[in-house]
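Novice: Structure: target_32.pdb, PDB, C-alpha atoms.
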ATOM      1  CA  MET A   1     -16.408 -51.372 -73.205  1.00  0.00           C
ATOM      2  CA  LYS A   2     -15.607 -47.903 -74.551  1.00  0.00           C
ATOM      3  CA  HIS A   3     -11.900 -48.771 -74.577  1.00  0.00           C
ATOM      4  CA  LEU A   4     -12.556 -52.044 -76.369  1.00  0.00           C
ATOM      5  CA  ALA A   5     -14.653 -50.306 -79.013  1.00  0.00           C
ATOM      6  CA  ALA A   6     -11.968 -47.657 -79.499  1.00  0.00           C
ATOM      7  CA  ALA A   7      -9.257 -50.312 -79.760  1.00  0.00           C
ATOM      8  CA  LEU A   8     -11.251 -52.304 -82.305  1.00  0.00           C
ATOM      9  CA  THR A   9     -11.915 -49.178 -84.365  1.00  0.00           C
ATOM     10  CA  ALA A  10      -8.212 -48.283 -84.347  1.00  0.00           C
ATOM     11  CA  LEU A  11      -7.284 -51.832 -85.278  1.00  0.00           C
ATOM     12  CA  SER A  12      -9.723 -51.851 -88.196  1.00  0.00           C
ATOM     13  CA  VAL A  13      -8.193 -48.616 -89.510  1.00  0.00           C
ATOM     14  CA  VAL A  14      -4.704 -50.156 -89.314  1.00  0.00           C
ATOM     15  CA  PHE A  15      -5.840 -53.265 -91.202  1.00  0.00           C
ATOM     16  CA  ALA A  16      -7.675 -51.206 -93.818  1.00  0.00           C
ATOM     17  CA  ALA A  17      -4.606 -49.045 -94.397  1.00  0.00           C
ATOM     18  CA  GLY A  18      -2.445 -52.155 -94.691  1.00  0.00           C
ATOM     19  CA  SER A  19      -4.734 -53.724 -97.260  1.00  0.00           C
ATOM     20  CA  VAL A  20      -4.782 -50.557 -99.360  1.00  0.00           C
ATOM     21  CA  SER A  21      -0.987 -50.378 -99.473  1.00  0.00           C
ATOM     22  CA  ALA A  22      -0.766 -54.090-100.250  1.00  0.00           C
ATOM     23  CA  ALA A  23      -3.228 -53.765-103.135  1.00  0.00           C
ATOM     24  CA  GLY A  24      -0.574 -52.668-105.593  1.00  0.00           C
ATOM     25  CA  ASP A  25      -0.816 -50.863-108.899  1.00  0.00           C
ATOM     26  CA  GLU A  26      -1.838 -53.071-111.810  1.00  0.00           C
ATOM     27  CA  ALA A  27      -0.215 -50.852-114.494  1.00  0.00           C
ATOM     28  CA  LYS A  28       3.090 -50.829-112.618  1.00  0.00           C
ATOM     29  CA  GLY A  29       2.728 -54.582-112.099  1.00  0.00           C
ATOM     30  CA  LYS A  30       2.458 -55.095-115.850  1.00  0.00           C
ATOM     31  CA  ARG A  31       5.856 -53.398-116.205  1.00  0.00           C
ATOM     32  CA  VAL A  32       7.302 -55.576-113.410  1.00  0.00           C
ATOM     33  CA  PHE A  33       5.996 -58.639-115.294  1.00  0.00           C
ATOM     34  CA  ASN A  34       8.510 -57.824-118.061  1.00  0.00           C
ATOM     35  CA  LYS A  35      11.086 -59.477-115.763  1.00  0.00           C
ATOM     36  CA  CYS A  36       8.980 -62.670-115.847  1.00  0.00           C
ATOM     37  CA  ARG A  37       7.805 -62.712-119.463  1.00  0.00           C
ATOM     38  CA  ALA A  38      10.919 -64.337-120.946  1.00  0.00           C
ATOM     39  CA  CYS A  39      10.220 -67.507-118.972  1.00  0.00           C
ATOM     40  CA  HIS A  40       6.473 -67.411-118.193  1.00  0.00           C
ATOM     41  CA  SER A  41       3.367 -67.110-120.341  1.00  0.00           C
ATOM     42  CA  LEU A  42      -0.012 -65.855-119.223  1.00  0.00           C
ATOM     43  CA  ALA A  43      -1.800 -67.974-121.830  1.00  0.00           C
ATOM     44  CA  ALA A  44      -3.658 -71.090-120.729  1.00  0.00           C
ATOM     45  CA  GLY A  45      -1.718 -74.280-121.413  1.00  0.00           C
ATOM     46  CA  VAL A  46       1.283 -72.486-122.927  1.00  0.00           C
ATOM     47  CA  SER A  47       4.632 -72.964-121.244  1.00  0.00           C
ATOM     48  CA  LYS A  48       7.988 -71.419-121.926  1.00  0.00           C
ATOM     49  CA  ILE A  49      11.062 -72.219-119.838  1.00  0.00           C
ATOM     50  CA  GLY A  50       8.713 -71.942-116.866  1.00  0.00           C
ATOM     51  CA  PRO A  51       5.062 -72.937-116.519  1.00  0.00           C
ATOM     52  CA  SER A  52       2.163 -70.755-117.609  1.00  0.00           C
ATOM     53  CA  LEU A  53       0.937 -68.434-114.894  1.00  0.00           C
ATOM     54  CA  ASN A  54      -2.618 -68.602-116.211  1.00  0.00           C
ATOM     55  CA  GLY A  55      -4.793 -69.677-113.287  1.00  0.00           C
ATOM     56  CA  VAL A  56      -1.845 -69.654-110.876  1.00  0.00           C
ATOM     57  CA  ILE A  57      -3.863 -68.160-108.002  1.00  0.00           C
ATOM     58  CA  GLY A  58      -5.320 -71.091-106.071  1.00  0.00           C
ATOM     59  CA  ARG A  59      -3.181 -73.728-107.819  1.00  0.00           C
ATOM     60  CA  LYS A  60      -1.013 -76.216-105.935  1.00  0.00           C
ATOM     61  CA  ALA A  61       2.704 -75.856-106.493  1.00  0.00           C
ATOM     62  CA  GLY A  62       4.130 -78.259-109.055  1.00  0.00           C
ATOM     63  CA  SER A  63       0.777 -79.205-110.540  1.00  0.00           C
ATOM     64  CA  TRP A  64       0.455 -77.233-113.794  1.00  0.00           C
ATOM     65  CA  LYS A  65      -0.140 -79.270-116.951  1.00  0.00           C
ATOM     66  CA  LYS A  66       0.583 -78.348-120.561  1.00  0.00           C
ATOM     67  CA  LYS A  67      -2.092 -78.295-123.281  1.00  0.00           C
ATOM     68  CA  SER A  68      -1.063 -81.874-124.053  1.00  0.00           C
ATOM     69  CA  GLY A  69      -2.107 -82.865-120.528  1.00  0.00           C
ATOM     70  CA  LYS A  70       1.466 -83.660-119.501  1.00  0.00           C
ATOM     71  CA  LEU A  71       2.750 -82.265-116.239  1.00  0.00           C
ATOM     72  CA  PHE A  72       5.286 -79.461-116.634  1.00  0.00           C
ATOM     73  CA  PRO A  73       8.786 -80.767-115.696  1.00  0.00           C
ATOM     74  CA  PHE A  74       8.938 -79.135-112.260  1.00  0.00           C
ATOM     75  CA  SER A  75      11.871 -79.670-109.923  1.00  0.00           C
ATOM     76  CA  SER A  76      11.363 -82.388-107.340  1.00  0.00           C
ATOM     77  CA  ALA A  77      11.362 -79.644-104.678  1.00  0.00           C
ATOM     78  CA  MET A  78       8.404 -77.881-106.322  1.00  0.00           C
ATOM     79  CA  LYS A  79       6.505 -81.152-106.816  1.00  0.00           C
ATOM     80  CA  LYS A  80       7.075 -82.069-103.154  1.00  0.00           C
ATOM     81  CA  ALA A  81       5.900 -78.616-102.034  1.00  0.00           C
ATOM     82  CA  GLY A  82       2.569 -79.251-103.735  1.00  0.00           C
ATOM     83  CA  LYS A  83       2.200 -82.756-102.297  1.00  0.00           C
ATOM     84  CA  ARG A  84       3.044 -82.120 -98.633  1.00  0.00           C
ATOM     85  CA  GLU A  85       0.506 -82.858 -95.932  1.00  0.00           C
ATOM     86  CA  LYS A  86      -0.292 -79.142 -96.094  1.00  0.00           C
ATOM     87  CA  PRO A  87       0.454 -78.423 -99.778  1.00  0.00           C
ATOM     88  CA  LEU A  88       1.853 -75.129-100.990  1.00  0.00           C
ATOM     89  CA  VAL A  89      -0.985 -73.359-102.765  1.00  0.00           C
ATOM     90  CA  TRP A  90      -0.266 -70.179-104.704  1.00  0.00           C
ATOM     91  CA  THR A  91      -2.121 -67.319-103.062  1.00  0.00           C
ATOM     92  CA  ALA A  92      -1.246 -63.624-103.043  1.00  0.00           C
ATOM     93  CA  GLU A  93       0.513 -64.188 -99.718  1.00  0.00           C
ATOM     94  CA  THR A  94       2.541 -67.252-100.782  1.00  0.00           C
ATOM     95  CA  LEU A  95       3.445 -65.696-104.140  1.00  0.00           C
ATOM     96  CA  LYS A  96       4.725 -62.545-102.430  1.00  0.00           C
ATOM     97  CA  LYS A  97       6.942 -64.629-100.158  1.00  0.00           C
ATOM     98  CA  TYR A  98       8.146 -66.753-103.066  1.00  0.00           C
ATOM     99  CA  LEU A  99       8.847 -63.728-105.272  1.00  0.00           C
ATOM    100  CA  ALA A 100      10.903 -62.114-102.497  1.00  0.00           C
ATOM    101  CA  ALA A 101      13.349 -65.040-102.393  1.00  0.00           C
ATOM    102  CA  PRO A 102      12.403 -68.069-104.544  1.00  0.00           C
ATOM    103  CA  LYS A 103      15.357 -70.222-103.484  1.00  0.00           C
ATOM    104  CA  LYS A 104      14.685 -69.615 -99.796  1.00  0.00           C
ATOM    105  CA  PHE A 105      10.921 -70.115-100.005  1.00  0.00           C
ATOM    106  CA  VAL A 106      11.160 -73.406-101.933  1.00  0.00           C
ATOM    107  CA  PRO A 107      14.736 -74.652-101.467  1.00  0.00           C
ATOM    108  CA  GLY A 108      15.871 -76.749-104.427  1.00  0.00           C
ATOM    109  CA  ASN A 109      13.528 -75.202-106.995  1.00  0.00           C
ATOM    110  CA  ARG A 110      15.049 -74.521-110.412  1.00  0.00           C
ATOM    111  CA  MET A 111      13.829 -70.996-111.054  1.00  0.00           C
ATOM    112  CA  PRO A 112      17.007 -68.973-111.596  1.00  0.00           C
ATOM    113  CA  PHE A 113      15.322 -65.642-110.809  1.00  0.00           C
ATOM    114  CA  PRO A 114      16.817 -64.126-107.620  1.00  0.00           C
ATOM    115  CA  GLY A 115      13.577 -62.444-106.549  1.00  0.00           C
ATOM    116  CA  LEU A 116      12.050 -58.991-106.314  1.00  0.00           C
ATOM    117  CA  ASN A 117      13.717 -56.967-103.563  1.00  0.00           C
ATOM    118  CA  LYS A 118      11.073 -54.242-103.328  1.00  0.00           C
ATOM    119  CA  ALA A 119       7.785 -55.016-101.590  1.00  0.00           C
ATOM    120  CA  ALA A 120       6.095 -52.468-103.879  1.00  0.00           C
ATOM    121  CA  ASP A 121       7.231 -54.437-106.949  1.00  0.00           C
ATOM    122  CA  ARG A 122       5.801 -57.643-105.460  1.00  0.00           C
ATOM    123  CA  ASP A 123       2.514 -55.906-104.580  1.00  0.00           C
ATOM    124  CA  ASN A 124       2.260 -54.359-108.032  1.00  0.00           C
ATOM    125  CA  LEU A 125       3.070 -57.628-109.793  1.00  0.00           C
ATOM    126  CA  LEU A 126       0.444 -59.444-107.743  1.00  0.00           C
ATOM    127  CA  ALA A 127      -2.156 -56.787-108.574  1.00  0.00           C
ATOM    128  CA  TYR A 128      -1.414 -57.396-112.247  1.00  0.00           C
ATOM    129  CA  LEU A 129      -1.347 -61.202-111.975  1.00  0.00           C
ATOM    130  CA  MET A 130      -4.615 -61.343-110.021  1.00  0.00           C
ATOM    131  CA  LYS A 131      -6.380 -59.890-113.053  1.00  0.00           C
ATOM    132  CA  ALA A 132      -4.212 -61.144-115.946  1.00  0.00           C
ATOM    133  CA  THR A 133      -4.150 -64.809-114.916  1.00  0.00           C
ATOM    134  CA  LYS A 134      -7.865 -65.467-114.452  1.00  0.00           C
TER
END
Starting from the file, lay out its structure as structure tokens.
Specialist:
Amino acid sequence: MKHLAAALTALSVVFAAGSVSAAGDEAKGKRVFNKCRACHSLAAGVSKIGPSLNGVIGRKAGSWKKKSGKLFPFSSAMKKAGKREKPLVWTAETLKKYLAAPKKFVPGNRMPFPGLNKAADRDNLLAYLMKATK
């Protein structure tokens, strides 16, 4: 039992350290968002070339609607991703994977952005988006 308790304590420290490093820096994330701002708005119902990111956390892929109530013209790949048996829902985890390599994560999507190579940039951007898109 002592070994189990020690192992569980060590494991909890590892997970806690991992979550701290994954938290990201919101101020740095705001600067990373400058790469996204030309195509994406943070305002509710306002699209640019890409859909608004307002309320993106928890939203199904390919489901965002404009202020007019019309569905944003997503690629068929993005629409299908949101309508699969197990739909793609944008969480911190799925967004990080998508932002690392958009074309690999959702093959056939139209977003021309190649992705964010640095994990720190993805973590920082997510820290910013978690607050800015509520």
Novice: Using the chain letters and numbers from the file, give me the residues hit by the PyMOL selection byres ((chain A and resi 96) around 10), as a PDB file with C-alpha atoms, in the coordinates of the input.
Specialist:
ATOM      1  CA  TRP A  90      -0.266 -70.179-104.704  1.00  0.00           C
ATOM      2  CA  THR A  91      -2.121 -67.319-103.062  1.00  0.00           C
ATOM      3  CA  ALA A  92      -1.246 -63.624-103.043  1.00  0.00           C
ATOM      4  CA  GLU A  93       0.513 -64.188 -99.718  1.00  0.00           C
ATOM      5  CA  THR A  94       2.541 -67.252-100.782  1.00  0.00           C
ATOM      6  CA  LEU A  95       3.445 -65.696-104.140  1.00  0.00           C
ATOM      7  CA  LYS A  97       6.942 -64.629-100.158  1.00  0.00           C
ATOM      8  CA  TYR A  98       8.146 -66.753-103.066  1.00  0.00           C
ATOM      9  CA  LEU A  99       8.847 -63.728-105.272  1.00  0.00           C
ATOM     10  CA  ALA A 100      10.903 -62.114-102.497  1.00  0.00           C
ATOM     11  CA  ALA A 101      13.349 -65.040-102.393  1.00  0.00           C
ATOM     12  CA  PRO A 102      12.403 -68.069-104.544  1.00  0.00           C
ATOM     13  CA  GLY A 115      13.577 -62.444-106.549  1.00  0.00           C
ATOM     14  CA  LEU A 116      12.050 -58.991-106.314  1.00  0.00           C
ATOM     15  CA  ALA A 119       7.785 -55.016-101.590  1.00  0.00           C
ATOM     16  CA  ASP A 121       7.231 -54.437-106.949  1.00  0.00           C
ATOM     17  CA  ARG A 122       5.801 -57.643-105.460  1.00  0.00           C
ATOM     18  CA  ASP A 123       2.514 -55.906-104.580  1.00  0.00           C
ATOM     19  CA  LEU A 125       3.070 -57.628-109.793  1.00  0.00           C
ATOM     20  CA  LEU A 126       0.444 -59.444-107.743  1.00  0.00           C
TER      21      LEU A 126
END
Novice: Quick one: distance from CA of Asn109 in chain A to CA of Ser76 in chain A in Å, one decimal?
Specialist: 7.5 Å
Novice: Rounded to one decimal, what separation in Å do you get between CA of Ala120 in chain A and CA of Ala81 in chain A?
Specialist: 26.2 Å
Novice: Mind listing as a ChimeraX atom specification all residues within 9 Å of (-4.3, -56.2, -110.3), counting all atoms listed in the file?
Specialist: /A:23-27,29-30,123-132
Novice: Give me the residues within 9 Å of Met111 in chain A as a PyMOL selection string, counting only C-alpha atoms and dropping any in the same chain fewer than 5 places off.
Specialist: chain A and resi 50+75+102-103
Novice: Extract, using all atoms listed in the file, all DNA, RNA and protein residues at most 12 Å from His40 in chain A, discarding same-chain residues fewer than 2 positions from it, and format them as a VMD selection string.
Specialist: chain A and resid 33 to 38 42 to 54 56 111 113 129 133
Novice: So, counting all atoms listed in the file, which residue among A:Asn117, A:Leu88, A:Val106, A:Ser41 is closest to Ser63 in chain A?
Specialist: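 Of A:Asn117, A:Leu88, A:Val106, A:Ser41, the one nearest Ser63 in chain A is A:Leu88, counting all atoms listed in the file.
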Novice: As AutoDock Vina command-line options, please: the centre and edge lengths in Å, to one decimal, of an axis-aligned box enclosing every listed atom of range 59-69 of chain A with 4 Å added on each side.
Specialist:
--center_x 0.5 --center_y -78.3 --center_z -115.0 --size_x 15.3 --size_y 17.1 --size_z 26.1
